[in-house]
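Trainee: Structure supplied as run-v9.cif; contents: mmCIF, N, CA and C atoms.
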data_structure
loop_
_atom_site.label_atom_id
_atom_site.label_comp_id
_atom_site.auth_asym_id
_atom_site.auth_seq_id
_atom_site.Cartn_x
_atom_site.Cartn_y
_atom_site.Cartn_z
N MET A 1021 189.87 104.39 88.46
CA MET A 1021 189.70 104.23 87.03
C MET A 1021 188.21 104.31 86.71
N PHE A 1022 187.84 105.11 85.72
CA PHE A 1022 186.47 105.28 85.28
C PHE A 1022 185.55 105.73 86.41
N GLY A 1023 186.09 106.40 87.43
CA GLY A 1023 185.29 106.90 88.55
C GLY A 1023 184.87 105.82 89.53
N LEU A 1024 185.43 104.63 89.43
CA LEU A 1024 185.11 103.52 90.33
C LEU A 1024 186.29 103.24 91.23
N SER A 1025 186.01 102.68 92.38
CA SER A 1025 187.13 102.22 93.20
C SER A 1025 187.73 101.02 92.48
N PRO A 1026 189.02 100.80 92.64
CA PRO A 1026 189.66 99.69 91.92
C PRO A 1026 189.03 98.32 92.21
N SER A 1027 188.65 98.07 93.45
CA SER A 1027 188.06 96.75 93.76
C SER A 1027 186.70 96.59 93.07
N VAL A 1028 185.90 97.65 92.98
CA VAL A 1028 184.60 97.59 92.30
C VAL A 1028 184.83 97.35 90.80
N PHE A 1029 185.82 98.03 90.24
CA PHE A 1029 186.14 97.83 88.83
C PHE A 1029 186.44 96.36 88.55
N TRP A 1030 187.27 95.72 89.38
CA TRP A 1030 187.66 94.33 89.16
C TRP A 1030 186.47 93.38 89.38
N ILE A 1031 185.61 93.69 90.35
CA ILE A 1031 184.43 92.84 90.58
C ILE A 1031 183.49 92.92 89.38
N ILE A 1032 183.32 94.14 88.82
CA ILE A 1032 182.51 94.28 87.60
C ILE A 1032 183.14 93.48 86.47
N ALA A 1033 184.46 93.51 86.38
CA ALA A 1033 185.16 92.72 85.35
C ALA A 1033 184.92 91.23 85.55
N VAL A 1034 184.97 90.77 86.80
CA VAL A 1034 184.71 89.35 87.09
C VAL A 1034 183.31 88.96 86.62
N ILE A 1035 182.33 89.78 86.97
CA ILE A 1035 180.94 89.49 86.59
C ILE A 1035 180.79 89.48 85.07
N ALA A 1036 181.34 90.49 84.41
CA ALA A 1036 181.24 90.58 82.95
C ALA A 1036 181.91 89.38 82.28
N LEU A 1037 183.07 88.99 82.77
CA LEU A 1037 183.78 87.84 82.19
C LEU A 1037 183.04 86.53 82.44
N CYS A 1038 182.40 86.40 83.59
CA CYS A 1038 181.61 85.19 83.87
C CYS A 1038 180.39 85.13 82.96
N ILE A 1039 179.76 86.27 82.73
CA ILE A 1039 178.63 86.32 81.80
C ILE A 1039 179.09 85.95 80.39
N LEU A 1040 180.23 86.48 79.99
CA LEU A 1040 180.78 86.16 78.67
C LEU A 1040 181.07 84.67 78.56
N GLU A 1041 181.63 84.09 79.61
CA GLU A 1041 181.92 82.66 79.61
C GLU A 1041 180.64 81.85 79.51
N ALA A 1042 179.62 82.24 80.24
CA ALA A 1042 178.35 81.52 80.19
C ALA A 1042 177.71 81.62 78.81
N ALA A 1043 177.91 82.75 78.15
CA ALA A 1043 177.31 82.95 76.82
C ALA A 1043 178.05 82.16 75.74
N THR A 1044 179.34 81.98 75.88
CA THR A 1044 180.12 81.32 74.83
C THR A 1044 180.35 79.84 75.07
N LEU A 1045 180.42 79.40 76.30
CA LEU A 1045 180.67 78.00 76.64
C LEU A 1045 181.93 77.46 75.98
N GLY A 1046 182.91 78.32 75.78
CA GLY A 1046 184.10 77.88 75.08
C GLY A 1046 185.35 77.86 75.92
N LEU A 1047 185.22 78.00 77.24
CA LEU A 1047 186.38 78.05 78.14
C LEU A 1047 187.39 79.09 77.67
N THR A 1048 186.91 80.30 77.45
CA THR A 1048 187.81 81.36 77.01
C THR A 1048 187.94 82.48 78.03
N ALA A 1049 186.85 82.87 78.66
CA ALA A 1049 186.88 84.03 79.54
C ALA A 1049 187.04 83.67 81.00
N ILE A 1050 186.83 82.42 81.38
CA ILE A 1050 186.86 82.04 82.79
C ILE A 1050 188.24 82.28 83.41
N TRP A 1051 189.28 82.09 82.62
CA TRP A 1051 190.64 82.27 83.15
C TRP A 1051 190.89 83.73 83.48
N PHE A 1052 190.34 84.63 82.67
CA PHE A 1052 190.49 86.05 82.93
C PHE A 1052 189.61 86.49 84.09
N ALA A 1053 188.50 85.82 84.28
CA ALA A 1053 187.65 86.10 85.45
C ALA A 1053 188.39 85.73 86.72
N ILE A 1054 189.12 84.63 86.70
CA ILE A 1054 189.93 84.23 87.86
C ILE A 1054 191.02 85.27 88.12
N GLY A 1055 191.67 85.73 87.06
CA GLY A 1055 192.69 86.77 87.20
C GLY A 1055 192.10 88.06 87.73
N ALA A 1056 190.91 88.44 87.27
CA ALA A 1056 190.26 89.66 87.74
C ALA A 1056 189.88 89.53 89.21
N LEU A 1057 189.48 88.35 89.63
CA LEU A 1057 189.15 88.13 91.03
C LEU A 1057 190.40 88.29 91.91
N ALA A 1058 191.51 87.76 91.44
CA ALA A 1058 192.77 87.93 92.18
C ALA A 1058 193.16 89.41 92.23
N ALA A 1059 193.01 90.12 91.13
CA ALA A 1059 193.31 91.55 91.10
C ALA A 1059 192.39 92.32 92.03
N ALA A 1060 191.13 91.90 92.15
CA ALA A 1060 190.17 92.56 93.06
C ALA A 1060 190.62 92.41 94.50
N VAL A 1061 191.16 91.24 94.83
CA VAL A 1061 191.67 91.03 96.19
C VAL A 1061 192.84 91.98 96.45
N PHE A 1062 193.73 92.10 95.50
CA PHE A 1062 194.87 93.02 95.66
C PHE A 1062 194.39 94.46 95.72
N ALA A 1063 193.39 94.81 94.94
CA ALA A 1063 192.85 96.18 94.96
C ALA A 1063 192.23 96.47 96.31
N TYR A 1064 191.56 95.49 96.89
CA TYR A 1064 190.92 95.67 98.19
C TYR A 1064 191.95 95.91 99.29
N THR A 1065 193.12 95.31 99.13
CA THR A 1065 194.18 95.50 100.14
C THR A 1065 194.96 96.79 99.93
N GLY A 1066 194.63 97.54 98.86
CA GLY A 1066 195.26 98.83 98.64
C GLY A 1066 196.44 98.82 97.69
N ALA A 1067 196.65 97.74 96.98
CA ALA A 1067 197.76 97.67 96.03
C ALA A 1067 197.52 98.66 94.88
N GLY A 1068 198.59 99.12 94.27
CA GLY A 1068 198.49 100.08 93.17
C GLY A 1068 198.00 99.41 91.89
N TRP A 1069 197.62 100.26 90.92
CA TRP A 1069 197.08 99.77 89.66
C TRP A 1069 198.07 98.88 88.92
N LEU A 1070 199.32 99.26 88.92
CA LEU A 1070 200.32 98.46 88.20
C LEU A 1070 200.39 97.05 88.76
N LEU A 1071 200.43 96.92 90.09
CA LEU A 1071 200.48 95.60 90.71
C LEU A 1071 199.19 94.83 90.43
N GLN A 1072 198.05 95.51 90.43
CA GLN A 1072 196.77 94.85 90.14
C GLN A 1072 196.77 94.27 88.72
N VAL A 1073 197.26 95.05 87.77
CA VAL A 1073 197.31 94.58 86.38
C VAL A 1073 198.27 93.42 86.23
N ILE A 1074 199.41 93.49 86.90
CA ILE A 1074 200.39 92.39 86.85
C ILE A 1074 199.78 91.12 87.45
N VAL A 1075 199.10 91.26 88.60
CA VAL A 1075 198.44 90.10 89.22
C VAL A 1075 197.37 89.53 88.29
N PHE A 1076 196.58 90.41 87.69
CA PHE A 1076 195.54 89.98 86.75
C PHE A 1076 196.15 89.16 85.62
N LEU A 1077 197.18 89.69 84.98
CA LEU A 1077 197.81 89.00 83.85
C LEU A 1077 198.47 87.69 84.28
N ALA A 1078 199.19 87.73 85.41
CA ALA A 1078 199.91 86.54 85.87
C ALA A 1078 198.95 85.42 86.28
N VAL A 1079 197.94 85.76 87.06
CA VAL A 1079 196.99 84.73 87.51
C VAL A 1079 196.18 84.19 86.33
N SER A 1080 195.80 85.05 85.41
CA SER A 1080 195.07 84.59 84.22
C SER A 1080 195.92 83.61 83.42
N ALA A 1081 197.18 83.97 83.20
CA ALA A 1081 198.07 83.11 82.41
C ALA A 1081 198.33 81.78 83.11
N VAL A 1082 198.63 81.83 84.39
CA VAL A 1082 198.92 80.60 85.13
C VAL A 1082 197.70 79.70 85.19
N SER A 1083 196.53 80.28 85.48
CA SER A 1083 195.33 79.44 85.56
C SER A 1083 195.00 78.82 84.20
N MET A 1084 195.25 79.56 83.13
CA MET A 1084 195.00 79.02 81.80
C MET A 1084 195.98 77.91 81.46
N LEU A 1085 197.24 78.13 81.73
CA LEU A 1085 198.27 77.15 81.38
C LEU A 1085 198.13 75.85 82.15
N TYR A 1086 197.79 75.95 83.43
CA TYR A 1086 197.80 74.75 84.26
C TYR A 1086 196.46 74.05 84.40
N THR A 1087 195.38 74.75 84.24
CA THR A 1087 194.09 74.09 84.44
C THR A 1087 193.31 73.86 83.15
N ARG A 1088 193.57 74.61 82.11
CA ARG A 1088 192.79 74.45 80.88
C ARG A 1088 192.90 73.04 80.29
N PRO A 1089 194.10 72.45 80.20
CA PRO A 1089 194.16 71.09 79.64
C PRO A 1089 193.37 70.08 80.47
N ILE A 1090 193.38 70.23 81.78
CA ILE A 1090 192.65 69.31 82.66
C ILE A 1090 191.15 69.47 82.45
N VAL A 1091 190.69 70.72 82.46
CA VAL A 1091 189.26 70.99 82.30
C VAL A 1091 188.80 70.57 80.91
N ARG A 1092 189.59 70.83 79.90
CA ARG A 1092 189.21 70.47 78.53
C ARG A 1092 189.05 68.96 78.40
N ASP A 1093 189.94 68.18 79.04
CA ASP A 1093 189.82 66.72 78.98
C ASP A 1093 188.57 66.24 79.71
N LYS A 1094 188.25 66.85 80.83
CA LYS A 1094 187.07 66.45 81.61
C LYS A 1094 185.78 66.80 80.88
N LEU A 1095 185.77 67.90 80.13
CA LEU A 1095 184.58 68.36 79.44
C LEU A 1095 184.55 67.96 77.98
N LYS A 1096 185.48 67.10 77.57
CA LYS A 1096 185.58 66.72 76.16
C LYS A 1096 184.28 66.09 75.68
N VAL A 1097 183.76 66.62 74.59
CA VAL A 1097 182.54 66.11 74.01
C VAL A 1097 182.91 64.97 73.07
N ARG A 1098 182.29 63.84 73.30
CA ARG A 1098 182.56 62.68 72.46
C ARG A 1098 181.67 62.74 71.22
N ASN A 1099 182.23 62.44 70.08
CA ASN A 1099 181.43 62.37 68.86
C ASN A 1099 180.70 61.05 68.82
N THR A 1100 179.40 61.12 68.70
CA THR A 1100 178.58 59.93 68.61
C THR A 1100 178.28 59.66 67.14
N PRO A 1101 178.56 58.46 66.70
CA PRO A 1101 178.27 58.16 65.30
C PRO A 1101 176.79 58.35 65.00
N THR A 1102 176.50 58.87 63.84
CA THR A 1102 175.12 59.06 63.41
C THR A 1102 174.77 57.98 62.40
N ASN A 1103 173.54 58.01 61.91
CA ASN A 1103 173.16 57.06 60.86
C ASN A 1103 174.08 57.18 59.66
N LEU A 1104 174.54 58.40 59.38
CA LEU A 1104 175.44 58.60 58.25
C LEU A 1104 176.69 57.75 58.38
N ASP A 1105 177.28 57.79 59.57
CA ASP A 1105 178.51 57.04 59.79
C ASP A 1105 178.27 55.53 59.76
N ARG A 1106 177.14 55.13 60.27
CA ARG A 1106 176.87 53.70 60.43
C ARG A 1106 176.55 52.99 59.13
N ILE A 1107 175.98 53.69 58.16
CA ILE A 1107 175.54 52.96 56.96
C ILE A 1107 176.60 52.85 55.88
N ILE A 1108 177.65 53.66 55.95
CA ILE A 1108 178.69 53.57 54.94
C ILE A 1108 179.36 52.20 55.05
N GLY A 1109 179.42 51.51 53.90
CA GLY A 1109 180.00 50.17 53.85
C GLY A 1109 178.98 49.06 54.10
N GLN A 1110 177.74 49.43 54.47
CA GLN A 1110 176.70 48.45 54.75
C GLN A 1110 175.98 48.04 53.46
N THR A 1111 175.33 46.89 53.52
CA THR A 1111 174.54 46.41 52.40
C THR A 1111 173.10 46.87 52.59
N ALA A 1112 172.47 47.32 51.50
CA ALA A 1112 171.08 47.77 51.52
C ALA A 1112 170.33 47.11 50.38
N ILE A 1113 169.02 47.21 50.42
CA ILE A 1113 168.20 46.68 49.34
C ILE A 1113 167.51 47.84 48.64
N VAL A 1114 167.48 47.77 47.31
CA VAL A 1114 166.87 48.83 46.51
C VAL A 1114 165.35 48.68 46.60
N THR A 1115 164.66 49.75 47.03
CA THR A 1115 163.20 49.71 47.13
C THR A 1115 162.53 50.45 45.98
N GLU A 1116 163.29 51.27 45.28
CA GLU A 1116 162.82 51.96 44.07
C GLU A 1116 164.00 52.00 43.12
N THR A 1117 163.79 51.59 41.88
CA THR A 1117 164.88 51.52 40.91
C THR A 1117 165.69 52.82 40.93
N ILE A 1118 167.02 52.66 40.98
CA ILE A 1118 167.92 53.81 41.03
C ILE A 1118 168.25 54.22 39.61
N ASP A 1119 167.89 55.46 39.28
CA ASP A 1119 168.10 56.00 37.94
C ASP A 1119 168.53 57.46 38.12
N ASN A 1120 169.83 57.70 38.06
CA ASN A 1120 170.37 59.04 38.30
C ASN A 1120 169.82 60.07 37.32
N GLU A 1121 169.69 59.70 36.05
CA GLU A 1121 169.24 60.66 35.03
C GLU A 1121 167.84 61.19 35.32
N ASN A 1122 166.98 60.34 35.85
CA ASN A 1122 165.62 60.76 36.16
C ASN A 1122 165.44 61.16 37.63
N GLY A 1123 166.53 61.16 38.38
CA GLY A 1123 166.48 61.58 39.77
C GLY A 1123 165.63 60.68 40.66
N LYS A 1124 165.69 59.37 40.40
CA LYS A 1124 164.89 58.42 41.17
C LYS A 1124 165.79 57.39 41.83
N GLY A 1125 165.28 56.83 42.88
CA GLY A 1125 165.97 55.74 43.54
C GLY A 1125 165.91 55.83 45.04
N GLN A 1126 165.63 54.68 45.65
CA GLN A 1126 165.61 54.59 47.11
C GLN A 1126 166.16 53.25 47.54
N ILE A 1127 166.71 53.27 48.75
CA ILE A 1127 167.20 52.04 49.35
C ILE A 1127 166.63 51.94 50.76
N LYS A 1128 166.64 50.72 51.28
CA LYS A 1128 166.24 50.50 52.67
C LYS A 1128 167.43 49.89 53.38
N ILE A 1129 167.82 50.54 54.48
CA ILE A 1129 168.95 50.06 55.26
C ILE A 1129 168.66 50.33 56.73
N ASN A 1130 168.87 49.33 57.54
CA ASN A 1130 168.60 49.43 58.99
C ASN A 1130 167.18 49.90 59.26
N GLY A 1131 166.25 49.48 58.43
CA GLY A 1131 164.86 49.84 58.62
C GLY A 1131 164.48 51.24 58.16
N LEU A 1132 165.44 51.97 57.59
CA LEU A 1132 165.18 53.34 57.14
C LEU A 1132 165.27 53.42 55.62
N ILE A 1133 164.44 54.28 55.06
CA ILE A 1133 164.46 54.52 53.62
C ILE A 1133 165.34 55.74 53.33
N TRP A 1134 166.26 55.57 52.39
CA TRP A 1134 167.15 56.65 51.97
C TRP A 1134 166.99 56.89 50.47
N THR A 1135 167.06 58.14 50.07
CA THR A 1135 167.18 58.45 48.65
C THR A 1135 168.57 57.98 48.23
N ALA A 1136 168.65 57.36 47.05
CA ALA A 1136 169.93 56.79 46.63
C ALA A 1136 170.25 57.17 45.19
N ARG A 1137 171.54 57.25 44.91
CA ARG A 1137 172.06 57.47 43.56
C ARG A 1137 173.19 56.49 43.34
N ALA A 1138 173.32 56.03 42.11
CA ALA A 1138 174.39 55.09 41.76
C ALA A 1138 175.70 55.85 41.60
N GLU A 1139 176.76 55.29 42.15
CA GLU A 1139 178.08 55.94 42.09
C GLU A 1139 178.54 56.15 40.65
N ASN A 1140 178.32 55.18 39.79
CA ASN A 1140 178.80 55.27 38.40
C ASN A 1140 177.69 55.61 37.41
N GLY A 1141 176.52 55.95 37.91
CA GLY A 1141 175.43 56.37 37.04
C GLY A 1141 174.63 55.24 36.41
N GLU A 1142 174.96 53.98 36.73
CA GLU A 1142 174.22 52.87 36.14
C GLU A 1142 172.83 52.76 36.78
N ILE A 1143 171.93 52.12 36.08
CA ILE A 1143 170.58 51.88 36.62
C ILE A 1143 170.64 50.60 37.45
N ILE A 1144 170.12 50.69 38.67
CA ILE A 1144 170.11 49.53 39.56
C ILE A 1144 168.64 49.22 39.86
N GLU A 1145 168.23 48.03 39.53
CA GLU A 1145 166.82 47.63 39.63
C GLU A 1145 166.37 47.39 41.07
N LYS A 1146 165.06 47.51 41.25
CA LYS A 1146 164.42 47.25 42.54
C LYS A 1146 164.74 45.83 43.00
N ASP A 1147 164.89 45.67 44.30
CA ASP A 1147 165.16 44.40 45.00
C ASP A 1147 166.60 43.92 44.86
N GLU A 1148 167.47 44.66 44.14
CA GLU A 1148 168.89 44.30 44.11
C GLU A 1148 169.56 44.77 45.40
N HIS A 1149 170.66 44.12 45.73
CA HIS A 1149 171.44 44.53 46.90
C HIS A 1149 172.56 45.47 46.45
N VAL A 1150 172.79 46.49 47.26
CA VAL A 1150 173.83 47.47 46.97
C VAL A 1150 174.65 47.72 48.22
N ILE A 1151 175.81 48.32 48.02
CA ILE A 1151 176.68 48.72 49.14
C ILE A 1151 176.75 50.23 49.15
N VAL A 1152 176.55 50.81 50.31
CA VAL A 1152 176.62 52.26 50.46
C VAL A 1152 178.08 52.67 50.49
N LYS A 1153 178.47 53.53 49.55
CA LYS A 1153 179.86 53.98 49.45
C LYS A 1153 180.08 55.34 50.13
N ALA A 1154 179.06 56.20 50.08
CA ALA A 1154 179.22 57.55 50.63
C ALA A 1154 177.85 58.17 50.85
N ILE A 1155 177.87 59.31 51.50
CA ILE A 1155 176.66 60.11 51.68
C ILE A 1155 176.96 61.49 51.09
N GLN A 1156 176.07 61.98 50.24
CA GLN A 1156 176.19 63.32 49.69
C GLN A 1156 174.89 64.05 50.01
N GLY A 1157 174.95 64.98 50.93
CA GLY A 1157 173.74 65.65 51.38
C GLY A 1157 172.85 64.67 52.07
N VAL A 1158 171.66 64.41 51.51
CA VAL A 1158 170.72 63.45 52.09
C VAL A 1158 170.59 62.20 51.22
N LYS A 1159 171.52 62.01 50.31
CA LYS A 1159 171.46 60.88 49.40
C LYS A 1159 172.59 59.89 49.70
N ALA A 1160 172.23 58.62 49.61
CA ALA A 1160 173.24 57.56 49.75
C ALA A 1160 173.78 57.26 48.36
N ILE A 1161 175.08 57.23 48.24
CA ILE A 1161 175.74 56.87 46.98
C ILE A 1161 176.09 55.39 47.06
N VAL A 1162 175.59 54.62 46.10
CA VAL A 1162 175.69 53.16 46.20
C VAL A 1162 176.31 52.54 44.96
N VAL A 1163 176.77 51.31 45.12
CA VAL A 1163 177.24 50.48 44.00
C VAL A 1163 176.59 49.11 44.13
N PRO A 1164 176.37 48.43 43.01
CA PRO A 1164 175.82 47.08 43.10
C PRO A 1164 176.73 46.17 43.91
N LYS A 1165 176.13 45.24 44.61
CA LYS A 1165 176.92 44.31 45.43
C LYS A 1165 177.47 43.19 44.56
#
What would the structure in this file look like if it were written as structure tokens?
Mentor:
Amino acid sequence: MFGLSPSVFWIIAVIALCILEAATLGLTAIWFAIGALAAAVFAYTGAGWLLQVIVFLAVSAVSMLYTRPIVRDKLKVRNTPTNLDRIIGQTAIVTETIDNENGKGQIKINGLIWTARAENGEIIEKDEHVIVKAIQGVKAIVVPK
């Protein structure tokens, strides 16, 4: 095929699929690389193209079905809460009067200063305590405590 010996073709496929897997990091091409490696072994022993393709498809499918769930669980990325997640529901202190109409307002929470807006549009004076209800972009949406 393509002027290459069948075993060279499959080895090139293995290399290309491994490069693709390394580039994507999505556990998508590795199963086909395993199938191509199995097909290369069959090609080296002199098996015909039809048998090589069947081996490629079968080994790829079996390796994907039986090992992907195990590998996915082992490589599962845990979501780490960020400041956004941690401050919702927390109490903060107003460091600059919150006035939505004039685009002003800041709060201090967990030692950090956040731009803040009132949930209902009311003016909240400096030094009052508020509860963070949500985050919209980089602004904390708050209500008086």
Trainee: How many Å separate atom CA of Thr1065 of chain A from atom CA of Val1034 of chain A?
Mentor: 17.3 Å
Trainee: Between atom C of Ser1027 of chain A and atom CA of Thr1044 of chain A, what distance in Å does the model show, to one decimal?
Mentor: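 Taking atom C of Ser1027 of chain A and atom CA of Thr1044 of chain A, their separation equals 24.7 Å.
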Trainee: Return the single residue from A:Asn1130, A:Asp1093, A:Arg1106, A:Pro1026 that is closest to Val1073 of chain A, with distances computed using only C-alpha atoms.
Mentor: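 Smallest separation from Val1073 of chain A among the options: A:Pro1026.
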Trainee: Could you spell out the hits of the PyMOL selection byres (((chain A and resi 1163 and name CA) around 12) and name CA) on the shown file, as a PyMOL selection string?
Mentor: chain A and resi 1108-1114+1118+1127+1136-1145+1148-1154+1160-1162+1164-1165
Trainee: What's the separation between atom CA of Phe1029 of chain A and atom N of Tyr1086 of chain A, in Å to one decimal place?
Mentor: 25.4 Å
